[in-house]
Amino acid sequence: MSRAFVKDDDTAAGSEELPERPVSTQPNYVTARGLAQLRRRQEEMLARHAQLKQAAEAFDRPEIARLERDLRYVAQRVDTAQVVEPGSRRADEVHFGATVGAREPDGTLLDVTIVGEDEADVAQGLISWDSPLGLALLGAQVGDTVRWRRPAGEVDLEVASIAYVGL
């Protein structure tokens with residue numbers, strides 16, 4: 001029989017290489033809470049990896065490959081994490097870890113906290129320091145107007161409040 005019609009174990013589903021997850025070229029600033037979240041995520045992934053390896057089922061290969069790729073990413077993020085204490089700089093300026101109240105032109109108050117890339121969650125008001133809004137706010141003081149360059153167009157925001165709370 002020709003080898004062309006035989007499926008080798010190496011070519012089984014899921015054996016094709018997954019591309020690595022892209023890693024930001026920016027410094028990996030995190031809050032203490034953000035580093036704890038990364039470590040917790042790493043532990044959960046390691047436990048799942050051990051569980052899948054123990055099962056040793058062929059159909060788990062694609063999931064194992066994805067998990068191993070994601071574990072490499074998370075391990076790199078934990079290894080390069082630089083914990084920044086919120087409020088370690090001037091309290092009257094927006095820096096990493098600040099919770100900022102910014103007023104939109106229509107009077108709506110936008111509350112955001114500036115955190116690391118891996119801990120950002122817009123739905124919870126957590127934005128990356130390297131996001132367009134984060135970059136616009138960094139260094140601002142109460143009363144300053146900053147320009148937020150959004151895909152939907154630019155908008156000027158007035159910084160209404162700055163607070164540093166434990167993260």
# chains A, B, ... in the order shown; residues from 1 in each chain; ligands from 1
>>> residues_around(residues="Leu71 (chain A)", least_positions_apart="6", cutoff="8 Å", atoms="only C-alpha atoms", output="PyMOL selection string")
chain A and resi 42+45-46
>>> closest_atom_pairs(of="region 16-76 of chain A", to="region 100-121 of chain A", cutoff="8 Å", atoms="only C-alpha atoms", output="tab-separated table")
residue	atom	partner	partner_atom	distance
A:Asn28	CA	A:Gly116	CA	6.9
A:Tyr29	CA	A:Gly116	CA	5.3
A:Val30	CA	A:Gly116	CA	4.5
A:Thr31	CA	A:Val115	CA	6.6
A:Gly34	CA	A:Glu119	CA	5.6
A:Gln37	CA	A:Glu119	CA	7.9
A:Leu38	CA	A:Asp118	CA	7.9
>>> residues_around(residues="Val146 (chain A)", least_positions_apart="2", cutoff="9 Å", atoms="only C-alpha atoms", output="PyMOL selection string")
chain A and resi 136-137+140+144+148+155-159
>>> closest_residue(among="A:Leu52, A:Ala152, A:Val84, A:Ala75", to="Gly97 (chain A)", atoms="only C-alpha atoms")
A:Val84
>>> select_by_dssp(residues="chain A", states="strand (DSSP E)", output="JSON, numbers by chain")
{"A": [29, 30, 82, 83, 98, 99, 100, 101, 102, 103, 109, 110, 111, 112, 113, 114, 115, 126, 127, 128, 145, 146, 147, 148, 149, 150, 153, 154, 155, 156, 157, 158, 159, 160, 161, 162, 163, 164]}
>>> closest_residue(among="A:Tyr73, A:Ala160, A:Arg33, A:Ser131", to="Thr145 (chain A)", atoms="only C-alpha atoms")
A:Ala160
>>> select_by_dssp(residues="chain A", states="helix (DSSP H, G or I)", output="ChimeraX atom specification")
/A:3-5,9-11,32-55,58-80,117-119,122-124,132-137
